[in-house]
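So the structure is just underneath, and the comments pick up after that.
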Amino acid sequence: EKFLGTWCVLLSFSFIWPQVWRVVRHDTSHGISPFGLMHGIVGSALWLSYGILQSDTAVWFSNTSFCIAQSIIIAIT
C-alpha cells in the first residue's frame, strides 16, 4: 500500500507541476480551460477532505499539492 501511495503522489506531481511551470514561465494560461481548472480544484478539494477524514497521507499530500498548483494557474488566468 505504501508503494502504491508513493507512486500515485509522484505521478500527481509529474502531471501538474510541469503545467504550472509553463504557465508561470510564459505568464499565460493559453490553451487551458478555466472550466477544467475549476472542476479539477473542486475534485481535489473533495479528495483532500476524504484523505483527511481517512488519515491517508498520500491522498491528502497529493491533493494539497494539486490544489496549490491549480490555484497558481487560476491566479495567472
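For the C-alpha cells, the naming scheme is as follows: chains receive sequential letters (A, B, ...) according to their order of presentation, residues are indexed from 1 within each chain, and ligands are indexed from 1 in presentation order.
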
For region 36-65 of chain A versus region 11-30 of chain A, which residues have an atom no more than 12 Å away, and what is each residue's nearest atom pair and distance in Å rounded to one decimal, using only C-alpha atoms, chain-then-number order, as a Markdown table?
```
| residue | atom | partner | partner_atom | distance |
| --- | --- | --- | --- | --- |
| A:Leu37 | CA | A:Ser29 | CA | 10.5 |
| A:Gly40 | CA | A:Ile16 | CA | 10.7 |
| A:Ile41 | CA | A:Ile16 | CA | 11.7 |
| A:Ser44 | CA | A:Ser12 | CA | 11.1 |
| A:Ala58 | CA | A:Ser12 | CA | 10.4 |
| A:Val59 | CA | A:Ser12 | CA | 10.2 |
| A:Trp60 | CA | A:Ser12 | CA | 11.7 |
| A:Phe61 | CA | A:Ser12 | CA | 10.0 |
| A:Ser62 | CA | A:Ser12 | CA | 6.3 |
| A:Asn63 | CA | A:Ser12 | CA | 8.3 |
| A:Thr64 | CA | A:Ser12 | CA | 10.7 |
| A:Ser65 | CA | A:Phe13 | CA | 7.6 |
```

Could you pull out all residues of chain A with a DSSP call of helix (DSSP H, G or I) and give them as a PyMOL selection string? chain A and resi 2-26+34-53+57-76

Kindly give the distance, in Å, that separates CA of Cys67 (chain A) and CA of Val42 (chain A), rounded to a single decimal.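 Calculated distance between CA of Cys67 (chain A) and CA of Val42 (chain A) is 8.5 Å.
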
State, in Å with one decimal place, the distance from CA of Phe66 (chain A) to CA of Ser49 (chain A).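 Atom-to-atom, CA of Phe66 (chain A) and CA of Ser49 (chain A) are spaced 13.1 Å apart.
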
Would you kindly return, as a VMD selection string, each protein, DNA or RNA residue with an atom no farther than 12 Å from any atom of Ser33 (chain A), considering only C-alpha atoms and excluding same-chain residues fewer than 6 positions away? chain A and resid 39 to 40 70 73 to 74 77

Once you have the residues from the selection above, write them out as a CSV table (one decimal), in the first residue's frame, restricted to all heavy atoms.
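out.csv, written as the output of this step:
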```csv
chain,number,residue,atom,x,y,z
A,39,HIS,N,-13.1,22.6,-12.2
A,39,HIS,CA,-13.5,21.2,-12.0
A,39,HIS,C,-12.4,20.5,-11.3
A,39,HIS,O,-12.7,19.7,-10.3
A,39,HIS,CB,-13.8,20.6,-13.3
A,39,HIS,CG,-14.4,19.2,-13.2
A,39,HIS,ND1,-13.6,18.1,-13.3
A,39,HIS,CD2,-15.6,18.7,-13.0
A,39,HIS,CE1,-14.3,17.0,-13.1
A,39,HIS,NE2,-15.5,17.4,-13.0
A,40,GLY,N,-11.2,20.7,-11.7
A,40,GLY,CA,-10.1,20.0,-11.1
A,40,GLY,C,-9.9,20.4,-9.6
A,40,GLY,O,-9.6,19.5,-8.7
A,70,GLN,N,-3.2,24.2,-9.0
A,70,GLN,CA,-4.3,24.7,-9.7
A,70,GLN,C,-4.6,26.2,-9.3
A,70,GLN,O,-5.0,27.0,-10.1
A,70,GLN,CB,-5.6,23.9,-9.4
A,70,GLN,CG,-5.5,22.5,-9.9
A,70,GLN,CD,-5.7,22.5,-11.4
A,70,GLN,OE1,-4.9,22.9,-12.2
A,70,GLN,NE2,-6.8,21.9,-11.9
A,73,ILE,N,-2.2,28.4,-11.2
A,73,ILE,CA,-2.7,28.6,-12.6
A,73,ILE,C,-3.9,29.5,-12.7
A,73,ILE,O,-4.0,30.4,-13.6
A,73,ILE,CB,-3.0,27.2,-13.2
A,73,ILE,CG1,-1.7,26.4,-13.3
A,73,ILE,CG2,-3.6,27.4,-14.6
A,73,ILE,CD1,-1.9,24.9,-13.7
A,74,ILE,N,-4.8,29.3,-11.8
A,74,ILE,CA,-6.0,30.2,-11.8
A,74,ILE,C,-5.6,31.6,-11.5
A,74,ILE,O,-6.2,32.6,-12.2
A,74,ILE,CB,-7.1,29.7,-10.8
A,74,ILE,CG1,-7.7,28.4,-11.3
A,74,ILE,CG2,-8.1,30.7,-10.5
A,74,ILE,CD1,-8.5,27.7,-10.2
A,77,THR,N,-4.5,33.1,-14.7
A,77,THR,CA,-5.5,33.1,-15.7
A,77,THR,C,-6.2,34.5,-15.6
A,77,THR,O,-6.5,35.2,-16.2
A,77,THR,CB,-6.6,32.0,-15.5
A,77,THR,OG1,-5.9,30.8,-15.5
A,77,THR,CG2,-7.6,32.1,-16.6
```

Measure the distance from CA of Gly5 (chain A) to CA of Asp56 (chain A) in Å and round it to one decimal. 9.0 Å
